[in-house]
Every structure is written in structure tokens, then in C-alpha cells.
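See below for query-v6.cif, which holds mmCIF, C-alpha atoms.
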data_run
loop_
_atom_site.label_atom_id
_atom_site.label_comp_id
_atom_site.auth_asym_id
_atom_site.auth_seq_id
_atom_site.Cartn_x
_atom_site.Cartn_y
_atom_site.Cartn_z
CA MET M 27 6.12 17.38 -14.23
CA ARG M 28 4.76 17.61 -10.69
CA THR M 29 6.05 20.32 -8.35
CA ARG M 30 5.05 21.12 -4.79
CA PHE M 31 5.13 23.71 -2.03
CA ALA M 32 5.22 22.29 1.50
CA PRO M 33 4.81 24.92 4.24
CA SER M 34 4.41 24.28 7.97
CA PRO M 35 1.40 25.96 9.64
CA THR M 36 3.44 27.38 12.49
CA GLY M 37 3.36 31.07 11.60
CA PRO M 38 2.67 33.53 8.78
CA LEU M 39 4.13 32.97 5.33
CA HIS M 40 6.73 35.60 4.39
CA LEU M 41 8.42 36.76 1.19
CA GLY M 42 10.73 33.75 1.15
CA HIS M 43 7.75 31.40 1.15
CA ALA M 44 6.11 33.43 -1.62
CA TYR M 45 9.26 33.18 -3.73
CA SER M 46 9.53 29.40 -3.30
CA ALA M 47 5.83 28.79 -3.95
CA MET M 48 5.74 30.99 -7.05
CA LEU M 49 8.90 29.37 -8.44
CA ALA M 50 7.38 25.89 -8.07
CA SER M 51 4.04 26.98 -9.52
CA ASP M 52 5.65 28.80 -12.46
CA LEU M 53 7.86 25.81 -13.23
CA ALA M 54 4.90 23.46 -13.45
CA ARG M 55 2.70 25.86 -15.40
CA ASP M 56 5.40 26.68 -17.98
CA ILE M 57 5.46 23.11 -19.30
CA GLY M 58 1.92 21.96 -18.53
CA GLY M 59 2.67 20.20 -15.25
CA THR M 60 0.80 20.24 -11.96
CA PHE M 61 1.47 22.17 -8.76
CA HIS M 62 0.73 20.46 -5.44
CA LEU M 63 0.35 21.77 -1.90
CA ARG M 64 1.41 19.82 1.18
CA ILE M 65 0.81 20.92 4.75
CA GLU M 66 3.75 19.77 6.88
CA ASP M 67 2.05 19.65 10.25
CA ILE M 68 3.74 16.70 11.94
CA ASP M 69 4.85 18.99 14.79
CA ARG M 70 1.47 19.12 16.49
CA SER M 71 2.85 21.16 19.37
CA ARG M 72 3.38 24.13 17.04
CA ALA M 73 0.92 23.63 14.17
CA ARG M 74 -2.23 25.77 14.32
CA ASP M 75 -5.44 25.62 12.28
CA HIS M 76 -5.55 29.39 11.79
CA TRP M 77 -2.06 29.38 10.27
CA GLU M 78 -3.09 26.62 7.88
CA ALA M 79 -6.12 28.66 6.83
CA GLN M 80 -3.83 31.66 6.31
CA ILE M 81 -1.63 29.60 4.00
CA TYR M 82 -4.55 28.94 1.67
CA THR M 83 -5.58 32.60 1.74
CA ASP M 84 -2.07 33.89 1.04
CA LEU M 85 -1.35 31.49 -1.82
CA ALA M 86 -4.73 32.12 -3.46
CA TRP M 87 -4.13 35.88 -3.24
CA LEU M 88 -0.78 35.39 -4.98
CA GLY M 89 -2.71 33.82 -7.84
CA LEU M 90 -1.54 30.27 -7.26
CA ARG M 91 -3.75 27.26 -7.96
CA TRP M 92 -2.98 23.78 -6.72
CA GLU M 93 -4.24 20.23 -7.08
CA HIS M 94 -6.79 18.81 -4.66
CA PRO M 95 -7.02 17.24 -2.19
CA VAL M 96 -4.24 18.91 -0.23
CA LEU M 97 -1.94 16.40 1.48
CA ARG M 98 -1.68 16.90 5.24
CA GLN M 99 1.14 15.06 6.97
CA SER M 100 -0.77 14.66 10.24
CA GLU M 101 -3.13 12.34 8.35
CA ARG M 102 -0.31 10.10 7.08
CA MET M 103 1.22 8.71 10.23
CA ASP M 104 0.46 5.13 9.14
CA ALA M 105 2.56 5.63 6.00
CA TYR M 106 5.51 6.89 8.03
CA ARG M 107 5.12 4.05 10.53
CA GLN M 108 5.22 1.49 7.71
CA ALA M 109 8.37 3.06 6.29
CA LEU M 110 10.05 2.96 9.70
CA GLU M 111 9.07 -0.66 10.22
CA THR M 112 10.58 -1.56 6.85
CA LEU M 113 13.85 0.17 7.67
CA TRP M 114 13.86 -1.42 11.13
CA ARG M 115 13.36 -4.94 9.76
CA ARG M 116 16.32 -4.42 7.44
CA GLY M 117 18.51 -3.44 10.38
CA PHE M 118 19.00 0.20 9.45
CA LEU M 119 17.49 1.82 12.57
CA TYR M 120 18.27 1.83 16.27
CA PRO M 121 16.66 3.48 19.29
CA CYS M 122 18.35 6.49 20.85
CA SER M 123 17.61 7.87 24.30
CA CYS M 124 20.13 10.73 24.11
CA ARG M 125 18.92 14.23 24.88
CA ARG M 126 20.46 17.28 23.27
CA ARG M 127 22.48 17.93 26.40
CA ASP M 128 23.84 14.36 26.31
CA ILE M 129 25.02 14.91 22.75
CA ARG M 130 26.60 18.26 23.59
CA ASP M 131 28.41 16.74 26.56
CA ALA M 132 29.68 13.79 24.51
CA LEU M 133 30.97 16.08 21.77
CA ALA M 134 32.61 18.37 24.32
CA ALA M 135 34.91 15.59 25.57
CA PRO M 136 38.59 16.47 24.87
CA GLN M 137 39.19 13.33 22.82
CA GLU M 138 36.38 14.18 20.42
CA GLY M 139 38.01 17.30 18.97
CA ALA M 140 35.96 20.01 17.29
CA PRO M 141 32.39 18.88 16.50
CA VAL M 142 31.40 18.37 12.87
CA TYR M 143 28.13 19.94 11.77
CA GLY M 144 25.70 18.34 9.36
CA PRO M 145 22.13 19.02 8.17
CA ASP M 146 20.72 18.64 11.70
CA GLY M 147 23.50 20.35 13.63
CA PRO M 148 26.37 18.54 15.37
CA VAL M 149 26.91 15.09 13.87
CA TYR M 150 25.74 12.45 16.36
CA PRO M 151 28.70 10.73 18.08
CA GLY M 152 27.08 7.28 18.03
CA THR M 153 26.50 6.95 21.77
CA CYS M 154 23.49 4.62 21.42
CA ARG M 155 24.56 2.87 18.21
CA PRO M 156 24.49 -0.91 18.80
CA ALA M 157 27.06 -3.37 17.51
CA ALA M 158 24.30 -5.40 15.84
CA PRO M 159 20.81 -4.46 14.62
CA PRO M 160 18.24 -4.53 17.45
CA ALA M 161 15.76 -7.39 17.52
CA GLY M 162 12.01 -7.24 17.97
CA SER M 163 9.77 -4.37 16.94
CA PRO M 164 10.74 -0.70 16.83
CA PRO M 165 10.01 1.01 20.16
CA HIS M 166 7.74 4.05 20.28
CA GLU M 167 9.03 5.72 23.44
CA THR M 168 12.45 6.74 22.08
CA ALA M 169 13.85 8.38 19.00
CA LEU M 170 14.93 6.18 16.10
CA ARG M 171 18.17 6.91 14.26
CA LEU M 172 19.44 5.77 10.89
CA ASP M 173 22.61 3.68 11.15
CA MET M 174 24.28 5.47 8.26
CA ARG M 175 27.26 3.16 7.95
CA ARG M 176 25.14 0.00 7.95
CA ALA M 177 22.65 1.54 5.50
CA LEU M 178 25.37 2.54 3.05
CA GLN M 179 26.82 -0.95 3.10
CA SER M 180 23.64 -2.11 1.38
CA LEU M 181 23.83 0.48 -1.39
CA ASP M 182 25.89 0.82 -4.55
CA PRO M 183 28.02 3.98 -4.10
CA ALA M 184 27.46 4.78 -7.78
CA SER M 185 23.74 5.20 -7.06
CA LEU M 186 24.31 8.01 -4.55
CA TRP M 187 23.65 11.14 -6.56
CA PHE M 188 20.94 13.67 -7.41
CA GLU M 189 20.31 16.22 -10.12
CA GLU M 190 20.53 19.90 -9.17
CA THR M 191 19.26 22.53 -11.62
CA THR M 192 21.01 25.61 -10.21
CA GLY M 193 24.06 25.20 -12.42
CA LYS M 194 25.58 22.32 -10.46
CA GLY M 195 24.29 19.38 -12.50
CA ARG M 196 24.73 15.90 -11.04
CA ILE M 197 25.79 15.93 -7.39
CA SER M 198 27.59 12.76 -6.28
CA LEU M 199 27.54 11.78 -2.62
CA SER M 200 30.56 10.18 -1.00
CA PRO M 201 29.85 7.37 1.51
CA CYS M 202 32.69 8.65 3.71
CA GLU M 203 31.28 12.17 3.71
CA LEU M 204 27.82 10.82 4.51
CA ILE M 205 29.17 8.91 7.50
CA ASP M 206 31.44 11.65 8.81
CA GLY M 207 29.53 14.76 7.73
CA VAL M 208 25.90 13.65 8.08
CA GLY M 209 25.94 10.73 10.47
CA ASP M 210 23.11 8.88 12.14
CA VAL M 211 20.23 11.32 11.69
CA VAL M 212 16.94 10.99 13.57
CA LEU M 213 14.16 9.47 11.46
CA ALA M 214 11.53 9.34 14.20
CA ARG M 215 11.41 11.83 17.04
CA ARG M 216 10.06 10.58 20.34
CA ASP M 217 7.43 13.34 20.43
CA MET M 218 6.00 12.92 16.93
CA GLY M 219 6.74 9.39 15.65
CA THR M 220 8.43 10.60 12.46
CA SER M 221 10.78 13.34 11.28
CA TYR M 222 11.10 15.87 8.49
CA HIS M 223 13.61 13.67 6.65
CA LEU M 224 11.43 10.58 6.63
CA SER M 225 8.09 12.25 5.96
CA VAL M 226 9.32 14.44 3.10
CA VAL M 227 10.78 11.45 1.27
CA VAL M 228 7.70 9.27 1.77
CA ASP M 229 5.37 12.10 0.72
CA ASP M 230 7.34 13.17 -2.36
CA ALA M 231 7.12 9.58 -3.58
CA ALA M 232 3.43 9.27 -2.70
CA GLN M 233 2.60 12.48 -4.60
CA GLY M 234 4.80 11.56 -7.56
CA ILE M 235 6.78 14.78 -7.23
CA THR M 236 9.30 15.11 -10.06
CA HIS M 237 10.81 18.51 -9.22
CA VAL M 238 11.48 19.86 -5.72
CA THR M 239 11.93 23.63 -5.40
CA ARG M 240 13.16 24.73 -1.97
CA GLY M 241 15.67 27.03 -0.27
CA GLU M 242 19.41 26.53 -0.44
CA ASP M 243 19.41 26.08 3.34
CA LEU M 244 18.06 22.56 2.71
CA PHE M 245 20.77 21.60 0.22
CA GLU M 246 22.69 19.49 2.76
CA ALA M 247 19.50 17.71 3.85
CA THR M 248 19.11 16.38 0.31
CA ALA M 249 21.96 13.94 0.98
CA VAL M 250 19.85 12.31 3.70
CA HIS M 251 16.85 12.18 1.40
CA VAL M 252 18.77 10.52 -1.41
CA VAL M 253 20.00 7.80 0.95
CA LEU M 254 16.43 7.15 2.13
CA GLN M 255 15.14 7.12 -1.44
CA ARG M 256 17.67 4.46 -2.37
CA LEU M 257 16.99 2.39 0.77
CA MET M 258 13.23 2.42 0.14
CA ASP M 259 13.47 2.08 -3.67
CA MET M 260 11.84 5.46 -4.25
CA PRO M 261 12.67 7.82 -7.13
CA SER M 262 14.72 10.96 -6.59
CA PRO M 263 13.14 14.17 -7.86
CA ILE M 264 15.17 16.82 -9.65
CA TYR M 265 16.10 19.49 -7.12
CA GLN M 266 16.28 23.27 -7.33
CA HIS M 267 17.73 24.81 -4.18
CA HIS M 268 17.04 28.47 -4.75
CA ARG M 269 18.55 31.56 -3.15
CA LEU M 270 17.11 32.75 0.15
CA ILE M 271 15.21 36.00 0.45
CA ARG M 272 16.96 38.18 3.02
CA ASP M 273 16.31 41.48 4.75
CA ALA M 274 18.31 44.68 4.31
CA GLU M 275 20.90 43.44 6.83
CA GLY M 276 21.36 40.18 4.95
CA LYS M 277 19.52 38.03 7.46
CA ARG M 278 17.21 35.30 6.17
CA LEU M 279 13.54 35.91 6.82
CA ALA M 280 11.77 34.08 9.65
CA LYS M 281 8.11 33.50 10.43
CA ARG M 282 8.37 35.71 13.48
CA ASP M 283 9.11 38.67 11.19
CA ASP M 284 5.49 39.72 10.74
CA ALA M 285 6.50 42.97 9.02
CA ARG M 286 7.48 40.95 5.95
CA SER M 287 4.59 38.51 6.00
CA ILE M 288 2.49 38.15 2.87
CA ALA M 289 -0.62 39.10 4.84
CA ARG M 290 0.97 42.34 6.01
CA TYR M 291 1.95 43.33 2.47
CA ARG M 292 -1.60 42.60 1.30
CA GLU M 293 -3.05 44.71 4.11
CA ASP M 294 -0.69 47.53 3.13
CA GLY M 295 -2.18 47.60 -0.37
CA LEU M 296 0.48 45.79 -2.38
CA SER M 297 -0.50 43.54 -5.27
CA PRO M 298 0.76 40.06 -6.22
CA ALA M 299 2.76 41.76 -8.99
CA ASP M 300 4.41 43.91 -6.32
CA ILE M 301 5.38 40.78 -4.40
CA ARG M 302 7.03 39.35 -7.51
CA GLN M 303 8.96 42.57 -7.92
CA LEU M 304 10.07 42.51 -4.27
CA VAL M 305 11.59 39.06 -4.69
CA ASP M 306 12.93 39.85 -8.17
CA LEU M 307 10.81 37.22 -9.91
CA THR M 308 9.78 37.86 -13.50
CA PRO M 309 6.00 38.40 -13.75
CA ARG M 310 4.01 35.58 -15.29
CA HIS M 311 0.69 35.69 -17.08
CA GLN M 312 -2.07 34.37 -14.84
#
Entire entry expressed as C-alpha cells:
Amino acid sequence: MRTRFAPSPTGPLHLGHAYSAMLASDLARDIGGTFHLRIEDIDRSRARDHWEAQIYTDLAWLGLRWEHPVLRQSERMDAYRQALETLWRRGFLYPCSCRRRDIRDALAAPQEGAPVYGPDGPVYPGTCRPAAPPAGSPPHETALRLDMRRALQSLDPASLWFEETTGKGRISLSPCELIDGVGDVVLARRDMGTSYHLSVVVDDAAQGITHVTRGEDLFEATAVHVVLQRLMDMPSPIYQHHRLIRDAEGKRLAKRDDARSIARYREDGLSPADIRQLVDLTPRHQ
């Protein structure tokens, strides 16, 4: 078993991060597996070195130990570029010059009806989708989208499933629901050359991750990841989409909520055992 925790260095880790990291670490340790750390820093406009350093400090204080070296996504752009080129050659990608406002305006047209929302917000209306796969090499100055319909035509519908451990078992994915409810997601943003969906799939395969532990807010995104895993002949991990840690008002925690950051709790004199109690996680022997 190989589990992982993959934070972004864009702010302080909070109780929700602690819960997810400890779950993944406990899962690996309970059956003699390994726990891996990945720094998801592809958004260079927001990633900061001091937040990355804080991640290591916070996780070590919680008593977590991880395999080395730590994988940093900013050092793996060649791997993402190769994956994009493979998908492009197979005719599954197309360039998109639409801005968010363009998409909002297109979806607001009377004939479109109420917009459908998927993992990335409103499902893309297909404004830039070509009738045939583009020729040549993938451009770098625009976003690249997955042609979901064309991609699914190359896959066996029976292969579209993943295993979920939170009492749901095998989750089957319908091609129609993927087309209508997920749509042509962005796999390479114009400002970073990749996307969360692409990089997480490529990196899970590269690290040999067998079990992914992450928040239930990413459950819908798993459909995108399964499609990419099948297209690129990569294995699908077993998924555990855990409950979110929320504040007293029921709102999910955010990085801007410094009052609930791990560092703040440490400064206030709490112990790692106290953190486990706060998130209702059974203490484990260190």
C-alpha cells in the first residue's frame, strides 16, 4: 500500500488538512505501507516557499513521517507535457481561447437553459470544440481541453469505474453523465501548462499510489481522473473521500482561516493528540 498527502503551498494548513494527512498516514502504517508527500505547486502565482516550509514543520509536529524525496509538481512539467502530447496525438485535446466571461455569456443565452455544474463549475458549452481533431503540435498560448465525447468513444464503458471505501463500493461512471455532467474539462491552463486533473493523475501513477485519501469535495473530480487513467493506461487507486472538517457554523475550513491553522493550535499549546481529538480521529501509537 502507498498513500499520499498532496497539499498546495498557498497558505497555512488547517484542521481539515491535518485530518486528511493523518488518515492517509494511519492507513499506510496500519498495514505496513508507505506514506508519501507531494507538494502541488503548479500554480506558481500563488505558491510560496515559506508555506512549503510550514507544511513540513506542521506535518512533522503532528508526528507524521513520509518517504523521501518529496515530489514537487513544479519540477515535473516535462512529464505533464509528455502526457498532453500523447493525448493530443490521439485526437483527444483541442485548444480553447474562451475566458470565464465568454463561458458565462454563452451559458446565459436563452436557448441554453439552466447551466449544468460539474467538478470545475459550469459545464463548458463546447464553443471552441472542433469538428475534427486539430492537426500539428499542441499550442502553448491557449488552454487545452479534453474532448470528452471523442475520448469516451475510444474506451470500453465497462472499464469506467473506481473503488470507493466509504461504504459505496464500486462506482460506475456513465458515458452520458460524463459528457453532460462533466464535459470538456481543461487539462492545461494557459498560465501554467497543466492542470490539477492532469498532474494528479500523472503523479499518482508515477508514485505508485494505491490508495488516495482526500475530501469529499473532490468526489466528482474522480470521474475525470478515471477517464484520464483509462486513456493513458494508468492504474486507478482505491479512493477514500472523507468527510470535511467544518467550523461551528457548518462552513468548510479555508486556508484564510488562520485561527484554525495547525500552527496557531501549536502556538496555543495544544498537542498532536489534541488535534486528533478536535477532528474526532482515534489516537494512534506513534
Excluding Arg55 in chain M and residues on its chain fewer than 3 positions from it, collect all residues at most 12 Å away from it, counting all atoms listed in the file, and give them as a ChimeraX atom specification. /M:27-30,48-52,58-62,90-92,310-312
Suppose we keep C-alpha atoms; can you now write the selection as a CSV table (one decimal), in the coordinates of the input?
chain,number,residue,atom,x,y,z
M,27,MET,CA,6.1,17.4,-14.2
M,28,ARG,CA,4.8,17.6,-10.7
M,29,THR,CA,6.0,20.3,-8.4
M,30,ARG,CA,5.0,21.1,-4.8
M,48,MET,CA,5.7,31.0,-7.0
M,49,LEU,CA,8.9,29.4,-8.4
M,50,ALA,CA,7.4,25.9,-8.1
M,51,SER,CA,4.0,27.0,-9.5
M,52,ASP,CA,5.6,28.8,-12.5
M,58,GLY,CA,1.9,22.0,-18.5
M,59,GLY,CA,2.7,20.2,-15.2
M,60,THR,CA,0.8,20.2,-12.0
M,61,PHE,CA,1.5,22.2,-8.8
M,62,HIS,CA,0.7,20.5,-5.4
M,90,LEU,CA,-1.5,30.3,-7.3
M,91,ARG,CA,-3.8,27.3,-8.0
M,92,TRP,CA,-3.0,23.8,-6.7
M,310,ARG,CA,4.0,35.6,-15.3
M,311,HIS,CA,0.7,35.7,-17.1
M,312,GLN,CA,-2.1,34.4,-14.8
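Each of M:Leu224, M:Ile197, M:Ala44, M:Val208 was checked against Ile264 in chain M using all atoms listed in the file; the smallest atom-to-atom distance is that of M:Ile197.
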Residue among M:Leu307, M:Val212, M:Ile129, M:Ala161 lying closest to Pro148 in chain M, counting all atoms listed in the file: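 For Pro148 in chain M, the nearest of the candidates is M:Ile129.
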Place a sphere of radius 8 Å on (8.3, 7.2, 10.4) in the file coordinates and name every protein, DNA or RNA residue with an atom inside or on its surface, counting only C-alpha atoms; give the answer as a PyMOL selection string. chain M and resi 103+105-111+213-214+219-221+224-225
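For the set M:Thr153, M:Thr83, M:Thr239, M:Ser163, the residue with the smallest atom-to-atom gap to Thr112 in chain M is M:Ser163, counting only C-alpha atoms.
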Polymer residues at most 10 Å from Leu186 in chain M, all atoms listed in the file, same-chain spacing of 2 or more positions, as a ChimeraX atom specification: /M:178,181-184,188,197-201,249,252-253,255-256
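What the PyMOL selection byres ((chain M and resi 85) around 10) grabs from this file is Leu39, His43, Ala44, Ala47, Met48, Leu63, Gln80, Ile81, Tyr82, Thr83, Asp84, Ala86, Trp87, Leu88, Gly89, Leu90, Arg91, Trp92, Ile288 and Pro298 of chain M.
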Compare M:Ala177, M:Gly209, M:Ile65, M:Tyr45 by their minimum atom-to-atom distance to Ile301 in chain M, counting all atoms listed in the file, and give me the closest one.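 Of M:Ala177, M:Gly209, M:Ile65, M:Tyr45, the one nearest Ile301 in chain M is M:Tyr45, counting all atoms listed in the file.
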Mind pulling up the distance from CA of Trp77 in chain M to CA of Thr36 in chain M? 6.3 Å
Would you fill the gaps in range 287-306 of chain M so it has N, CA, C and O atoms, then print it as a short mmCIF file (atom, residue, chain, number, x, y, z; two decimals), in the frame of the given file?
data_model
loop_
_atom_site.label_atom_id
_atom_site.label_comp_id
_atom_site.auth_asym_id
_atom_site.auth_seq_id
_atom_site.Cartn_x
_atom_site.Cartn_y
_atom_site.Cartn_z
N SER M 287 5.52 39.59 6.33
CA SER M 287 4.59 38.51 6.00
C SER M 287 3.75 38.90 4.78
O SER M 287 3.53 40.09 4.50
N ILE M 288 3.31 37.89 4.05
CA ILE M 288 2.49 38.15 2.87
C ILE M 288 1.20 38.87 3.26
O ILE M 288 0.76 39.80 2.57
N ALA M 289 0.61 38.47 4.39
CA ALA M 289 -0.62 39.10 4.84
C ALA M 289 -0.43 40.58 5.12
O ALA M 289 -1.29 41.42 4.78
N ARG M 290 0.71 40.94 5.70
CA ARG M 290 0.97 42.34 6.01
C ARG M 290 1.11 43.16 4.72
O ARG M 290 0.59 44.27 4.61
N TYR M 291 1.82 42.62 3.74
CA TYR M 291 1.95 43.33 2.47
C TYR M 291 0.58 43.51 1.80
O TYR M 291 0.30 44.56 1.21
N ARG M 292 -0.26 42.50 1.88
CA ARG M 292 -1.60 42.60 1.30
C ARG M 292 -2.40 43.68 2.01
O ARG M 292 -3.07 44.50 1.37
N GLU M 293 -2.32 43.69 3.34
CA GLU M 293 -3.05 44.71 4.11
C GLU M 293 -2.54 46.12 3.81
O GLU M 293 -3.31 47.10 3.89
N ASP M 294 -1.27 46.23 3.44
CA ASP M 294 -0.69 47.53 3.13
C ASP M 294 -0.99 48.00 1.70
O ASP M 294 -0.51 49.06 1.28
N GLY M 295 -1.75 47.18 0.96
CA GLY M 295 -2.18 47.60 -0.37
C GLY M 295 -1.33 47.14 -1.53
O GLY M 295 -1.57 47.54 -2.68
N LEU M 296 -0.33 46.29 -1.27
CA LEU M 296 0.48 45.79 -2.38
C LEU M 296 -0.29 44.75 -3.17
O LEU M 296 -1.25 44.13 -2.66
N SER M 297 0.12 44.51 -4.39
CA SER M 297 -0.50 43.54 -5.27
C SER M 297 0.41 42.32 -5.42
O SER M 297 1.61 42.39 -5.09
N PRO M 298 -0.11 41.21 -5.95
CA PRO M 298 0.76 40.06 -6.22
C PRO M 298 1.91 40.42 -7.15
O PRO M 298 3.03 39.90 -6.99
N ALA M 299 1.67 41.32 -8.10
CA ALA M 299 2.76 41.76 -8.99
C ALA M 299 3.84 42.49 -8.20
O ALA M 299 5.04 42.35 -8.48
N ASP M 300 3.43 43.23 -7.17
CA ASP M 300 4.41 43.91 -6.32
C ASP M 300 5.27 42.90 -5.56
O ASP M 300 6.48 43.11 -5.36
N ILE M 301 4.64 41.82 -5.12
CA ILE M 301 5.38 40.78 -4.40
C ILE M 301 6.43 40.17 -5.31
O ILE M 301 7.59 39.95 -4.91
N ARG M 302 6.06 39.90 -6.55
CA ARG M 302 7.03 39.35 -7.51
C ARG M 302 8.20 40.32 -7.70
O ARG M 302 9.34 39.90 -7.81
N GLN M 303 7.89 41.59 -7.75
CA GLN M 303 8.96 42.57 -7.92
C GLN M 303 9.87 42.60 -6.69
O GLN M 303 11.09 42.73 -6.81
N LEU M 304 9.28 42.48 -5.50
CA LEU M 304 10.07 42.51 -4.27
C LEU M 304 11.08 41.37 -4.20
O LEU M 304 12.17 41.52 -3.66
N VAL M 305 10.69 40.22 -4.75
CA VAL M 305 11.59 39.06 -4.69
C VAL M 305 12.34 38.87 -6.01
O VAL M 305 13.01 37.85 -6.21
N ASP M 306 12.21 39.86 -6.89
CA ASP M 306 12.93 39.85 -8.17
C ASP M 306 12.59 38.61 -8.99
O ASP M 306 13.47 37.90 -9.49
#
